[in-house]
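A.B. asks: My structure is stored as input-v1.csv, with CSV, C-alpha atoms and all ligand atoms.
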chain,number,residue,atom,x,y,z
A,22,MET,CA,-56.2,-18.8,-38.2
A,23,LYS,CA,-54.0,-17.7,-41.1
A,24,LEU,CA,-50.4,-18.0,-39.9
A,25,LEU,CA,-46.9,-17.3,-41.2
A,26,VAL,CA,-44.2,-19.7,-40.2
A,27,THR,CA,-40.7,-18.6,-41.2
A,28,GLY,CA,-38.2,-21.4,-41.1
A,29,GLY,CA,-41.1,-23.8,-41.5
A,30,CYS,CA,-38.9,-26.2,-43.5
A,31,GLY,CA,-36.4,-26.6,-40.7
A,32,PHE,CA,-36.0,-29.2,-38.0
A,33,VAL,CA,-38.6,-27.7,-35.6
A,34,GLY,CA,-40.5,-25.8,-38.3
A,35,SER,CA,-41.4,-29.0,-40.2
A,36,ASN,CA,-43.0,-30.6,-37.2
A,37,LEU,CA,-44.6,-27.3,-36.2
A,38,THR,CA,-46.1,-26.6,-39.6
A,39,GLN,CA,-47.6,-30.2,-39.8
A,40,ARG,CA,-49.1,-29.7,-36.3
A,41,LEU,CA,-50.6,-26.3,-37.2
A,42,LEU,CA,-52.1,-27.9,-40.3
A,43,ASP,CA,-53.5,-30.8,-38.3
A,44,ASP,CA,-55.1,-28.2,-36.0
A,45,GLY,CA,-56.9,-26.7,-39.0
A,46,HIS,CA,-54.9,-23.5,-39.5
A,47,GLN,CA,-54.0,-22.0,-42.9
A,48,VAL,CA,-50.2,-21.8,-43.0
A,49,ILE,CA,-47.8,-19.9,-45.2
A,50,VAL,CA,-44.2,-21.1,-44.8
A,51,VAL,CA,-41.4,-18.8,-45.9
A,52,ASP,CA,-38.0,-20.5,-45.9
A,53,ALA,CA,-34.8,-20.3,-48.0
A,54,GLN,CA,-34.7,-24.1,-47.8
A,55,TRP,CA,-31.0,-24.3,-47.0
A,56,PHE,CA,-31.5,-27.9,-45.8
A,57,GLY,CA,-34.3,-28.8,-48.3
A,58,ASN,CA,-38.0,-29.0,-48.0
A,59,PHE,CA,-39.6,-32.1,-46.5
A,60,LEU,CA,-43.1,-30.7,-46.0
A,61,ALA,CA,-45.9,-32.8,-47.5
A,62,ASP,CA,-48.4,-31.0,-49.7
A,63,HIS,CA,-51.5,-29.8,-48.0
A,64,GLU,CA,-54.5,-27.8,-49.2
A,65,ASN,CA,-54.0,-25.3,-46.4
A,66,LEU,CA,-50.3,-24.9,-46.9
A,67,THR,CA,-48.4,-22.5,-49.1
A,68,VAL,CA,-44.6,-22.9,-49.2
A,69,ILE,CA,-42.6,-19.9,-50.5
A,70,ARG,CA,-38.9,-20.4,-51.1
A,71,GLU,CA,-37.6,-17.0,-50.1
A,72,ASP,CA,-35.0,-15.3,-47.9
A,73,VAL,CA,-36.5,-13.6,-44.9
A,74,ARG,CA,-34.2,-10.7,-45.5
A,75,ASN,CA,-36.3,-9.9,-48.5
A,76,ALA,CA,-39.1,-8.6,-46.3
A,77,GLU,CA,-41.3,-7.2,-49.1
A,78,ALA,CA,-41.6,-10.7,-50.6
A,79,ILE,CA,-43.3,-12.1,-47.5
A,80,PRO,CA,-47.1,-12.1,-47.9
A,81,LEU,CA,-48.8,-10.9,-44.7
A,82,GLU,CA,-52.3,-10.1,-46.0
A,83,GLY,CA,-54.8,-11.5,-43.5
A,84,VAL,CA,-52.1,-13.1,-41.4
A,85,GLU,CA,-53.0,-13.1,-37.7
A,86,ALA,CA,-49.8,-14.4,-36.1
A,87,ILE,CA,-46.2,-15.0,-37.1
A,88,LEU,CA,-44.0,-17.8,-35.7
A,89,HIS,CA,-40.5,-16.6,-36.6
A,90,LEU,CA,-38.0,-19.5,-36.6
A,91,ALA,CA,-35.9,-18.7,-39.7
A,92,ASN,CA,-32.4,-17.9,-38.3
A,93,VAL,CA,-28.9,-19.1,-38.7
A,94,ALA,CA,-29.5,-21.6,-36.0
A,95,ASN,CA,-26.3,-22.4,-34.0
A,96,ASP,CA,-22.9,-21.1,-32.9
A,97,PRO,CA,-20.6,-22.6,-35.6
A,98,CYS,CA,-23.0,-21.7,-38.4
A,99,SER,CA,-23.2,-18.1,-37.1
A,100,ASP,CA,-19.4,-18.0,-37.0
A,101,LEU,CA,-19.2,-19.0,-40.7
A,102,ASN,CA,-20.4,-15.5,-41.7
A,103,PRO,CA,-21.2,-13.2,-38.8
A,104,LYS,CA,-22.5,-10.5,-41.2
A,105,LEU,CA,-25.0,-12.9,-42.7
A,106,SER,CA,-26.0,-14.0,-39.2
A,107,TRP,CA,-26.7,-10.5,-38.0
A,108,GLU,CA,-28.6,-9.6,-41.1
A,109,VAL,CA,-30.8,-12.8,-41.0
A,110,ASN,CA,-31.2,-13.1,-37.2
A,111,VAL,CA,-31.6,-9.4,-36.3
A,112,LEU,CA,-32.1,-7.1,-39.3
A,113,ALA,CA,-34.6,-9.3,-41.0
A,114,THR,CA,-36.5,-9.8,-37.7
A,115,MET,CA,-36.8,-6.0,-37.4
A,116,GLN,CA,-38.0,-5.6,-40.9
A,117,LEU,CA,-40.5,-8.5,-40.5
A,118,VAL,CA,-42.0,-7.1,-37.3
A,119,GLU,CA,-42.3,-3.6,-38.8
A,120,ARG,CA,-44.2,-5.0,-41.8
A,121,ALA,CA,-46.3,-7.2,-39.5
A,122,ILE,CA,-47.5,-4.1,-37.6
A,123,ALA,CA,-48.2,-2.2,-40.8
A,124,CYS,CA,-50.2,-5.2,-42.1
A,125,GLY,CA,-52.3,-5.6,-38.9
A,126,VAL,CA,-50.7,-8.9,-37.6
A,127,LYS,CA,-51.6,-9.3,-34.0
A,128,GLN,CA,-49.0,-11.7,-32.6
A,129,PHE,CA,-45.3,-12.4,-33.1
A,130,ILE,CA,-43.7,-15.5,-31.6
A,131,TYR,CA,-39.9,-15.6,-31.8
A,132,ALA,CA,-37.7,-18.6,-31.5
A,133,SER,CA,-34.9,-17.1,-29.4
A,134,SER,CA,-32.5,-19.4,-27.5
A,135,GLY,CA,-31.7,-20.4,-23.9
A,136,SER,CA,-28.0,-19.8,-24.8
A,137,VAL,CA,-28.5,-16.1,-24.4
A,138,TYR,CA,-27.7,-16.5,-20.7
A,139,GLY,CA,-24.1,-17.6,-21.3
A,140,VAL,CA,-22.4,-19.5,-18.5
A,141,LYS,CA,-24.3,-19.1,-15.2
A,142,ASP,CA,-23.4,-20.3,-11.7
A,143,GLU,CA,-27.0,-19.9,-10.5
A,144,PRO,CA,-28.7,-23.2,-10.0
A,145,GLN,CA,-32.0,-21.7,-11.3
A,146,VAL,CA,-31.6,-19.7,-14.4
A,147,THR,CA,-34.8,-17.6,-14.7
A,148,GLU,CA,-35.8,-15.0,-17.3
A,149,ASP,CA,-34.9,-12.1,-15.1
A,150,LEU,CA,-31.2,-13.0,-14.8
A,151,SER,CA,-28.7,-10.9,-16.8
A,152,LEU,CA,-27.7,-12.1,-20.3
A,153,VAL,CA,-24.1,-12.7,-21.0
A,154,PRO,CA,-24.1,-14.0,-24.6
A,155,ILE,CA,-20.8,-15.4,-25.7
A,156,THR,CA,-21.0,-16.1,-29.4
A,157,ASP,CA,-22.4,-14.1,-32.3
A,158,TYR,CA,-25.3,-16.6,-32.4
A,159,ASN,CA,-26.2,-15.9,-28.7
A,160,LYS,CA,-25.7,-12.1,-29.3
A,161,THR,CA,-28.0,-12.0,-32.3
A,162,LYS,CA,-30.7,-13.8,-30.3
A,163,MET,CA,-30.4,-11.3,-27.4
A,164,ILE,CA,-30.5,-8.3,-29.7
A,165,SER,CA,-33.5,-9.6,-31.7
A,166,GLU,CA,-35.4,-10.1,-28.5
A,167,ARG,CA,-34.7,-6.5,-27.5
A,168,VAL,CA,-35.6,-5.2,-30.9
A,169,LEU,CA,-38.9,-7.1,-30.8
A,170,LEU,CA,-39.7,-6.0,-27.3
A,171,SER,CA,-39.4,-2.4,-28.3
A,172,TYR,CA,-42.5,-2.9,-30.5
A,173,GLN,CA,-44.6,-4.6,-27.8
A,174,ASP,CA,-47.0,-1.7,-27.4
A,175,ARG,CA,-48.1,-2.3,-31.0
A,176,ILE,CA,-48.1,-6.1,-31.3
A,177,THR,CA,-48.1,-9.0,-28.9
A,178,ILE,CA,-44.5,-10.2,-28.6
A,179,GLN,CA,-43.5,-13.6,-27.2
A,180,CYS,CA,-39.8,-14.5,-27.1
A,181,ILE,CA,-39.3,-18.2,-26.4
A,182,ARG,CA,-35.9,-19.3,-25.1
A,183,PRO,CA,-35.7,-23.0,-26.0
A,184,ALA,CA,-33.2,-25.4,-24.5
A,185,THR,CA,-31.5,-27.9,-26.9
A,186,VAL,CA,-34.2,-29.7,-28.8
A,187,CYS,CA,-34.1,-33.5,-29.3
A,188,GLY,CA,-36.2,-35.9,-31.3
A,189,VAL,CA,-37.2,-36.7,-34.8
A,190,SER,CA,-38.2,-34.5,-37.7
A,191,PRO,CA,-38.6,-35.0,-41.5
A,192,ARG,CA,-35.8,-32.4,-41.6
A,193,MET,CA,-33.5,-34.2,-39.3
A,194,ARG,CA,-30.7,-32.6,-37.3
A,195,LEU,CA,-27.9,-34.7,-35.9
A,196,ASP,CA,-25.8,-31.8,-34.6
A,197,LEU,CA,-27.9,-31.6,-31.4
A,198,SER,CA,-26.5,-33.4,-28.4
A,199,VAL,CA,-29.2,-36.1,-27.7
A,200,ASN,CA,-29.7,-36.8,-31.4
A,201,MET,CA,-26.0,-36.9,-32.0
A,202,LEU,CA,-25.1,-39.2,-29.2
A,203,THR,CA,-28.0,-41.6,-30.0
A,204,VAL,CA,-26.9,-41.9,-33.7
A,205,GLN,CA,-23.2,-42.4,-32.7
A,206,ALA,CA,-24.3,-45.3,-30.5
A,207,LEU,CA,-26.5,-46.8,-33.3
A,208,LYS,CA,-23.9,-46.3,-36.0
A,209,ASN,CA,-20.6,-47.0,-34.2
A,210,GLY,CA,-21.5,-48.8,-31.0
A,211,ARG,CA,-19.5,-46.0,-29.4
A,212,ILE,CA,-20.3,-42.6,-28.0
A,213,THR,CA,-17.6,-39.9,-27.8
A,214,VAL,CA,-18.3,-37.4,-25.0
A,215,PHE,CA,-16.3,-34.2,-24.9
A,216,GLY,CA,-15.7,-33.5,-21.2
A,217,GLY,CA,-19.1,-34.8,-20.2
A,218,GLU,CA,-19.7,-32.7,-17.0
A,219,GLN,CA,-21.3,-29.7,-18.8
A,220,THR,CA,-24.9,-29.4,-17.7
A,221,ARG,CA,-27.4,-28.4,-20.4
A,222,PRO,CA,-31.2,-28.1,-20.5
A,223,ASN,CA,-33.2,-30.1,-23.0
A,224,ILE,CA,-36.6,-30.1,-24.6
A,225,THR,CA,-38.2,-32.7,-26.9
A,226,ILE,CA,-39.3,-31.6,-30.3
A,227,MET,CA,-42.9,-32.7,-29.4
A,228,ASP,CA,-43.0,-30.4,-26.4
A,229,MET,CA,-41.2,-27.6,-28.4
A,230,VAL,CA,-44.0,-27.7,-31.0
A,231,GLU,CA,-46.6,-27.8,-28.1
A,232,VAL,CA,-45.0,-24.7,-26.5
A,233,TYR,CA,-45.5,-22.6,-29.8
A,234,CYS,CA,-49.1,-23.9,-30.1
A,235,HIS,CA,-49.6,-23.0,-26.4
A,236,PHE,CA,-48.5,-19.4,-26.9
A,237,LEU,CA,-50.5,-19.1,-30.1
A,238,LYS,CA,-53.6,-20.0,-28.1
A,239,LEU,CA,-52.7,-17.7,-25.2
A,240,GLY,CA,-52.3,-14.7,-27.6
A,241,ALA,CA,-52.2,-11.3,-25.9
A,242,SER,CA,-52.8,-12.8,-22.4
A,243,ALA,CA,-49.2,-14.0,-22.1
A,244,PRO,CA,-46.7,-11.6,-23.7
A,245,GLY,CA,-43.0,-11.5,-22.8
A,246,ILE,CA,-40.0,-13.8,-22.5
A,247,TYR,CA,-40.3,-17.5,-21.5
A,248,ASN,CA,-37.7,-20.2,-21.0
A,249,ALA,CA,-38.5,-23.6,-22.4
A,250,GLY,CA,-36.2,-26.2,-21.1
A,251,PHE,CA,-36.9,-29.1,-18.7
A,252,GLU,CA,-34.2,-31.6,-18.0
A,253,ASN,CA,-31.0,-30.0,-16.8
A,254,ILE,CA,-28.6,-32.9,-17.1
A,255,THR,CA,-24.9,-33.5,-18.0
A,256,ILE,CA,-23.7,-34.7,-21.4
A,257,MET,CA,-22.5,-37.8,-19.5
A,258,ASP,CA,-26.1,-38.3,-18.2
A,259,ILE,CA,-27.4,-38.2,-21.7
A,260,ALA,CA,-24.7,-40.7,-22.9
A,261,ARG,CA,-25.7,-43.1,-20.1
A,262,MET,CA,-29.4,-42.7,-21.0
A,263,VAL,CA,-28.5,-43.6,-24.6
A,264,THR,CA,-26.6,-46.7,-23.5
A,265,GLU,CA,-29.6,-47.9,-21.6
A,266,ILE,CA,-31.5,-48.0,-24.9
A,267,VAL,CA,-28.7,-48.6,-27.3
A,268,PRO,CA,-25.8,-50.6,-25.8
A,269,ALA,CA,-22.6,-48.7,-26.6
A,270,GLU,CA,-19.1,-47.9,-25.1
A,271,ILE,CA,-18.7,-44.3,-23.8
A,272,VAL,CA,-15.3,-42.7,-24.6
A,273,VAL,CA,-14.5,-39.4,-22.8
A,274,THR,CA,-12.1,-36.9,-24.4
A,275,ALA,CA,-11.1,-33.4,-23.3
A,276,SER,CA,-13.5,-30.6,-24.1
A,277,ASN,CA,-12.8,-27.0,-25.2
A,278,ASP,CA,-16.3,-26.0,-24.4
A,279,PRO,CA,-16.8,-26.2,-20.6
A,280,ARG,CA,-20.0,-24.1,-20.6
A,281,SER,CA,-22.7,-25.3,-18.3
A,282,TYR,CA,-26.1,-23.7,-18.2
A,283,ARG,CA,-29.4,-24.6,-16.6
A,284,GLN,CA,-32.9,-23.3,-17.2
A,285,ASN,CA,-35.8,-22.8,-14.9
A,286,SER,CA,-39.1,-22.9,-16.8
A,287,ASP,CA,-41.5,-22.2,-13.9
A,288,LYS,CA,-42.8,-19.1,-15.7
A,289,LEU,CA,-43.8,-21.2,-18.6
A,290,LEU,CA,-45.4,-23.8,-16.3
A,291,ALA,CA,-47.3,-21.1,-14.6
A,292,THR,CA,-49.1,-20.3,-17.9
A,293,GLY,CA,-50.5,-23.9,-17.8
A,294,PHE,CA,-48.0,-25.6,-20.0
A,295,VAL,CA,-47.3,-29.2,-19.1
A,296,PRO,CA,-44.4,-31.0,-20.8
A,297,LYS,CA,-45.4,-34.5,-21.9
A,298,TYR,CA,-42.1,-36.1,-23.0
A,299,GLY,CA,-38.5,-36.4,-21.9
A,300,VAL,CA,-35.0,-37.1,-23.2
A,301,ALA,CA,-35.5,-40.8,-22.9
A,302,ASP,CA,-38.6,-40.6,-25.2
A,303,ALA,CA,-36.6,-38.7,-27.8
A,304,ILE,CA,-33.7,-41.3,-27.7
A,305,ARG,CA,-36.3,-44.1,-28.2
A,306,MET,CA,-37.9,-42.2,-31.2
A,307,VAL,CA,-34.5,-41.4,-32.8
A,308,THR,CA,-33.5,-45.1,-32.4
A,309,GLU,CA,-36.7,-46.3,-33.9
A,310,ALA,CA,-36.5,-43.9,-36.8
A,311,TYR,CA,-32.8,-44.8,-37.5
A,312,ARG,CA,-33.5,-48.5,-37.4
A,313,SER,CA,-36.5,-48.3,-39.7
A,314,GLY,CA,-34.5,-46.2,-42.2
A,315,ALA,CA,-36.7,-43.1,-41.7
A,316,ILE,CA,-33.6,-41.1,-40.9
A,317,ALA,CA,-30.0,-41.5,-42.0
A,318,ASP,CA,-26.7,-40.0,-40.9
A,319,ASP,CA,-26.5,-37.7,-43.9
A,320,GLU,CA,-24.4,-34.5,-44.3
A,321,GLY,CA,-27.6,-32.5,-44.6
A,322,CYS,CA,-28.4,-33.4,-40.9
A,323,TYR,CA,-25.5,-31.2,-39.8
A,324,ASN,CA,-26.2,-27.5,-40.3
A,325,ILE,CA,-22.6,-26.5,-40.6
A,326,LYS,CA,-21.7,-29.2,-43.2
A,327,ALA,CA,-24.9,-28.4,-45.2
A,328,MET,CA,-24.3,-24.6,-45.1
A,329,LYS,CA,-20.7,-24.9,-46.2
A,330,LYS,CA,-21.7,-27.1,-49.1
A,331,ASN,CA,-24.9,-25.2,-50.2
A,332,LEU,CA,-24.1,-21.6,-49.5
A,333,GLU,CA,-21.3,-19.3,-50.8
A,334,PHE,CA,-19.5,-17.3,-48.1
B,1,LIG,N1,-32.9,-26.9,-32.4
B,1,LIG,C1,-32.6,-26.4,-31.3
B,1,LIG,O1,-32.0,-27.1,-30.4
B,1,LIG,C2,-32.8,-24.9,-31.0
B,1,LIG,C3,-32.6,-24.5,-29.6
B,1,LIG,C4,-32.9,-23.1,-29.4
B,1,LIG,C5,-33.3,-22.3,-30.3
B,1,LIG,N2,-33.5,-22.7,-31.6
B,1,LIG,C6,-34.1,-21.8,-32.6
B,1,LIG,O2,-35.2,-22.4,-33.2
B,1,LIG,C7,-35.3,-22.0,-34.6
B,1,LIG,C8,-35.5,-23.3,-35.4
B,1,LIG,O3,-34.4,-24.2,-35.2
B,1,LIG,P1,-34.2,-25.5,-36.0
B,1,LIG,O4,-33.5,-26.5,-35.1
B,1,LIG,O5,-35.5,-25.9,-36.6
B,1,LIG,O6,-33.2,-25.0,-37.1
B,1,LIG,P2,-33.0,-25.3,-38.7
B,1,LIG,O7,-31.7,-24.8,-39.1
B,1,LIG,O8,-33.3,-26.8,-38.9
B,1,LIG,O9,-34.2,-24.5,-39.3
B,1,LIG,C9,-34.0,-23.1,-39.7
B,1,LIG,C10,-34.7,-22.9,-41.0
B,1,LIG,O10,-34.6,-21.5,-41.3
B,1,LIG,C11,-34.3,-21.4,-42.6
B,1,LIG,N3,-33.6,-20.1,-42.8
B,1,LIG,C12,-32.4,-19.8,-42.3
B,1,LIG,N4,-32.1,-18.6,-42.7
B,1,LIG,C13,-33.1,-18.2,-43.5
B,1,LIG,C14,-33.3,-17.0,-44.3
B,1,LIG,N5,-32.4,-16.0,-44.3
B,1,LIG,N6,-34.4,-16.9,-45.0
B,1,LIG,C15,-35.3,-17.9,-45.0
B,1,LIG,N7,-35.2,-19.0,-44.3
B,1,LIG,C16,-34.0,-19.1,-43.6
B,1,LIG,C17,-33.5,-22.6,-43.0
B,1,LIG,O11,-33.6,-22.9,-44.4
B,1,LIG,C18,-34.1,-23.7,-42.1
B,1,LIG,O12,-35.1,-24.4,-42.9
B,1,LIG,C19,-34.0,-21.3,-34.9
B,1,LIG,O13,-34.3,-19.9,-34.8
B,1,LIG,C20,-33.1,-21.7,-33.8
B,1,LIG,O14,-32.1,-20.7,-33.5
B,1,LIG,C21,-33.3,-24.0,-31.9
Before anything else, please render the file you have as structure tokens.

C.D. replies:
Amino acid sequence: MKLLVTGGCGFVGSNLTQRLLDDGHQVIVVDAQWFGNFLADHENLTVIREDVRNAEAIPLEGVEAILHLANVANDPCSDLNPKLSWEVNVLATMQLVERAIACGVKQFIYASSGSVYGVKDEPQVTEDLSLVPITDYNKTKMISERVLLSYQDRITIQCIRPATVCGVSPRMRLDLSVNMLTVQALKNGRITVFGGEQTRPNITIMDMVEVYCHFLKLGASAPGIYNAGFENITIMDIARMVTEIVPAEIVVTASNDPRSYRQNSDKLLATGFVPKYGVADAIRMVTEAYRSGAIADDEGCYNIKAMKKNLEF
């Protein structure tokens, strides 16, 4: 298939793009390359350095499906410039889906976020629960979903709500909980846990990529919204898992972010998806990559630091 991946140079997008190429697809990546481009050249890959807000510059001729990942991708980065975040995450998404329909694209898969639910007391957070987004980031994801779903009579829409992703990518992120705690242990022999009792869902980057490929294959047979998160564990649980692999002291400090949220992904599992990896696998892989020198604790691995440095606000 001929596919467009926006945000294909990002943490998830780099692994997803490589996987799609391995599967024999022809891939166009559109990415502003805020954090660089670590994609290897490939005869079936076209990389375009472009802002998704510039919808007209995105080539859609012959594209069958879009995997839309290019967003301002966490709470603090969205707070840096909320106007930019709304334009990129919502307005550009609307422009892209409109052009996609006009160009005959059949399927649109959107990287939303499990954070759209906000703080929930329910032990099972399913897709039908109300959304109480807290930050601009959460709100842009919720509104983008709603905008996209308003087009679902004209194009297959799949909104995926991922948990926090963990694992290794050529475009590494160390501002994600499992990756951050693992590198703290490796670098300092000490892990600082803020609070620690907040429960959060997780998904490995390997399973994340697999989820997108799964929906690509399912096409029009599985439209709608899907959670994608599997291990609902506390930050302290993660810290302890890290210390089983990388011996380190755990230091607990007060937290100003008491949010707990869980995810139930039974709807995704009912489509036939089977996760193959867990948090412990991701910790092992990050450890191996760090010790071998494949990843380093650079500024560029923290979205907020890189955005402050590379973009003007
Ligand atoms: N990583 C996670 O834990 C996680 C969890 C839930 C949802 N998500 C969502 O998944 C998607 C991918 O996340 P990620 O971790 O790979 O993030 P990332 O920040 O590593 O990648 C995002 C990519 O999008 C690009 N981008 C951002 N704004 C752009 C614009 N205006 N025009 C063109 N390119 C632009 C960036 O250059 C970057 O390469 C994001 O939409 C994110 O919100 C991620």

A.B. asks: Find the residue from A:Gly293, A:Pro183, A:Gly83, A:Pro97 that sits nearest to ligand LIG 1 (chain B); use all atoms listed in the file when measuring.

C.D. replies: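 Nearest to ligand LIG 1 (chain B): A:Pro183.
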
A.B. asks: Enumerate as an MDAnalysis selection string the residues within 6 Å of ligand LIG 1 (chain B), counting only C-alpha atoms and all ligand atoms.

C.D. replies: chainID A and resid 28 30:34 52:56 71:74 90:94 109 132:134 183:186

A.B. asks: Fewer than 5 positions away in the same chain doesn't count, so skip those; otherwise give me all residues within 12 Å of A:Glu148, counting all atoms listed in the file, as a ChimeraX atom specification.

C.D. replies: /A:134-138,180-183,245-250,283-289

A.B. asks: Those same residues, written as a CSV table (one decimal), in the coordinates of the input with C-alpha atoms?

C.D. replies:
chain,number,residue,atom,x,y,z
A,134,SER,CA,-32.5,-19.4,-27.5
A,135,GLY,CA,-31.7,-20.4,-23.9
A,136,SER,CA,-28.0,-19.8,-24.8
A,137,VAL,CA,-28.5,-16.1,-24.4
A,138,TYR,CA,-27.7,-16.5,-20.7
A,180,CYS,CA,-39.8,-14.5,-27.1
A,181,ILE,CA,-39.3,-18.2,-26.4
A,182,ARG,CA,-35.9,-19.3,-25.1
A,183,PRO,CA,-35.7,-23.0,-26.0
A,245,GLY,CA,-43.0,-11.5,-22.8
A,246,ILE,CA,-40.0,-13.8,-22.5
A,247,TYR,CA,-40.3,-17.5,-21.5
A,248,ASN,CA,-37.7,-20.2,-21.0
A,249,ALA,CA,-38.5,-23.6,-22.4
A,250,GLY,CA,-36.2,-26.2,-21.1
A,283,ARG,CA,-29.4,-24.6,-16.6
A,284,GLN,CA,-32.9,-23.3,-17.2
A,285,ASN,CA,-35.8,-22.8,-14.9
A,286,SER,CA,-39.1,-22.9,-16.8
A,287,ASP,CA,-41.5,-22.2,-13.9
A,288,LYS,CA,-42.8,-19.1,-15.7
A,289,LEU,CA,-43.8,-21.2,-18.6

A.B. asks: When you count all atoms listed in the file, which of these residues is closest to A:Arg175: A:Cys322, A:Ile122, A:Ala78, A:Leu37?

C.D. replies: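 Among the listed residues, A:Ile122 lies closest to A:Arg175.
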
A.B. asks: Considering all atoms listed in the file, can you say which of A:Met163, A:Ala291, A:Leu239, A:Met22 comes closest to A:Val126?

C.D. replies: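 Of all the options, A:Met22 lies closest to A:Val126.
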
A.B. asks: Please, what distance in Å, to one decimal, runs between atom CA of A:Glu77 and atom CA of A:Glu108?

C.D. replies: 15.2 Å

A.B. asks: Just give me the residues with any atom within 7 Å of (-50.6, -16.4, -36.0), file coordinates, counting only C-alpha atoms, written as a list in words.

C.D. replies: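 So the residues meeting the distance criterion are Met22, Lys23, Leu24, Leu25, Val84, Glu85, Ala86, Ile87, Leu88, Gln128 and Leu237 of chain A.
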
A.B. asks: With a cut-off of 7 Å, could you pull out the residues of stretch 155-208 of chain A touching stretch 303-310 of chain A and give me the nearest pair of atoms for each, distance in Å to one decimal, using only C-alpha atoms, ordered by chain and ascending number, as a Markdown table?

C.D. replies:
| residue | atom | partner | partner_atom | distance |
| --- | --- | --- | --- | --- |
| A:Cys187 | CA | A:Ala303 | CA | 6.0 |
| A:Gly188 | CA | A:Ala303 | CA | 4.5 |
| A:Val189 | CA | A:Val307 | CA | 5.8 |
| A:Val199 | CA | A:Ile304 | CA | 6.9 |
| A:Asn200 | CA | A:Val307 | CA | 6.8 |
| A:Thr203 | CA | A:Ile304 | CA | 6.2 |

A.B. asks: Find the distance between atom CA of A:Ile254 and atom CA of A:Pro222 and write it in Å to one decimal.

C.D. replies: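 Between atom CA of A:Ile254 and atom CA of A:Pro222 the gap works out to 6.4 Å.
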
A.B. asks: Quick one: residues within 12 Å of stretch 258-263 of chain A, only C-alpha atoms counted, chain neighbours fewer than 4 positions away excluded, as an MDAnalysis selection string?

C.D. replies: chainID A and resid 187 197:207 210:223 252:254 267:273 299:308

A.B. asks: To one decimal in Å, tell me the separation between atom CA of A:Tyr282 and atom CA of A:Cys234.

C.D. replies: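 Pair atom CA of A:Tyr282 / atom CA of A:Cys234 returns 25.9 Å.
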
A.B. asks: Given only C-alpha atoms as the basis, pick out the residue of A:His89, A:His235, A:Arg312, A:Lys104 nearest to A:Asp157.

C.D. replies: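 Residue with the minimum atom-to-atom distance to A:Asp157: A:Lys104.
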
A.B. asks: Using all atoms listed in the file, which residues sit within 10 Å of A:Ile164 once same-chain residues fewer than 3 positions away are excluded, as a list in words?

C.D. replies: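 Counting only the stated atoms, we get Trp107, Asn110, Val111, Leu112, Ser133, Val137, Pro154, Asn159, Lys160, Thr161, Arg167, Val168, Leu169 and Leu170 of chain A.
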
A.B. asks: Suppose we keep C-alpha atoms; can you now write the selection as a CSV table (one decimal), in the frame of the given file?

C.D. replies:
chain,number,residue,atom,x,y,z
A,107,TRP,CA,-26.7,-10.5,-38.0
A,110,ASN,CA,-31.2,-13.1,-37.2
A,111,VAL,CA,-31.6,-9.4,-36.3
A,112,LEU,CA,-32.1,-7.1,-39.3
A,133,SER,CA,-34.9,-17.1,-29.4
A,137,VAL,CA,-28.5,-16.1,-24.4
A,154,PRO,CA,-24.1,-14.0,-24.6
A,159,ASN,CA,-26.2,-15.9,-28.7
A,160,LYS,CA,-25.7,-12.1,-29.3
A,161,THR,CA,-28.0,-12.0,-32.3
A,167,ARG,CA,-34.7,-6.5,-27.5
A,168,VAL,CA,-35.6,-5.2,-30.9
A,169,LEU,CA,-38.9,-7.1,-30.8
A,170,LEU,CA,-39.7,-6.0,-27.3

A.B. asks: Identify, on the basis of all atoms listed in the file, every residue whose closest approach to A:His63 does not exceed 10 Å; exclude the query and any residue fewer than 4 positions from it along the same chain; express the result as number ranges by chain.

C.D. replies: A: 39, 42-43, 47-48, 67-68
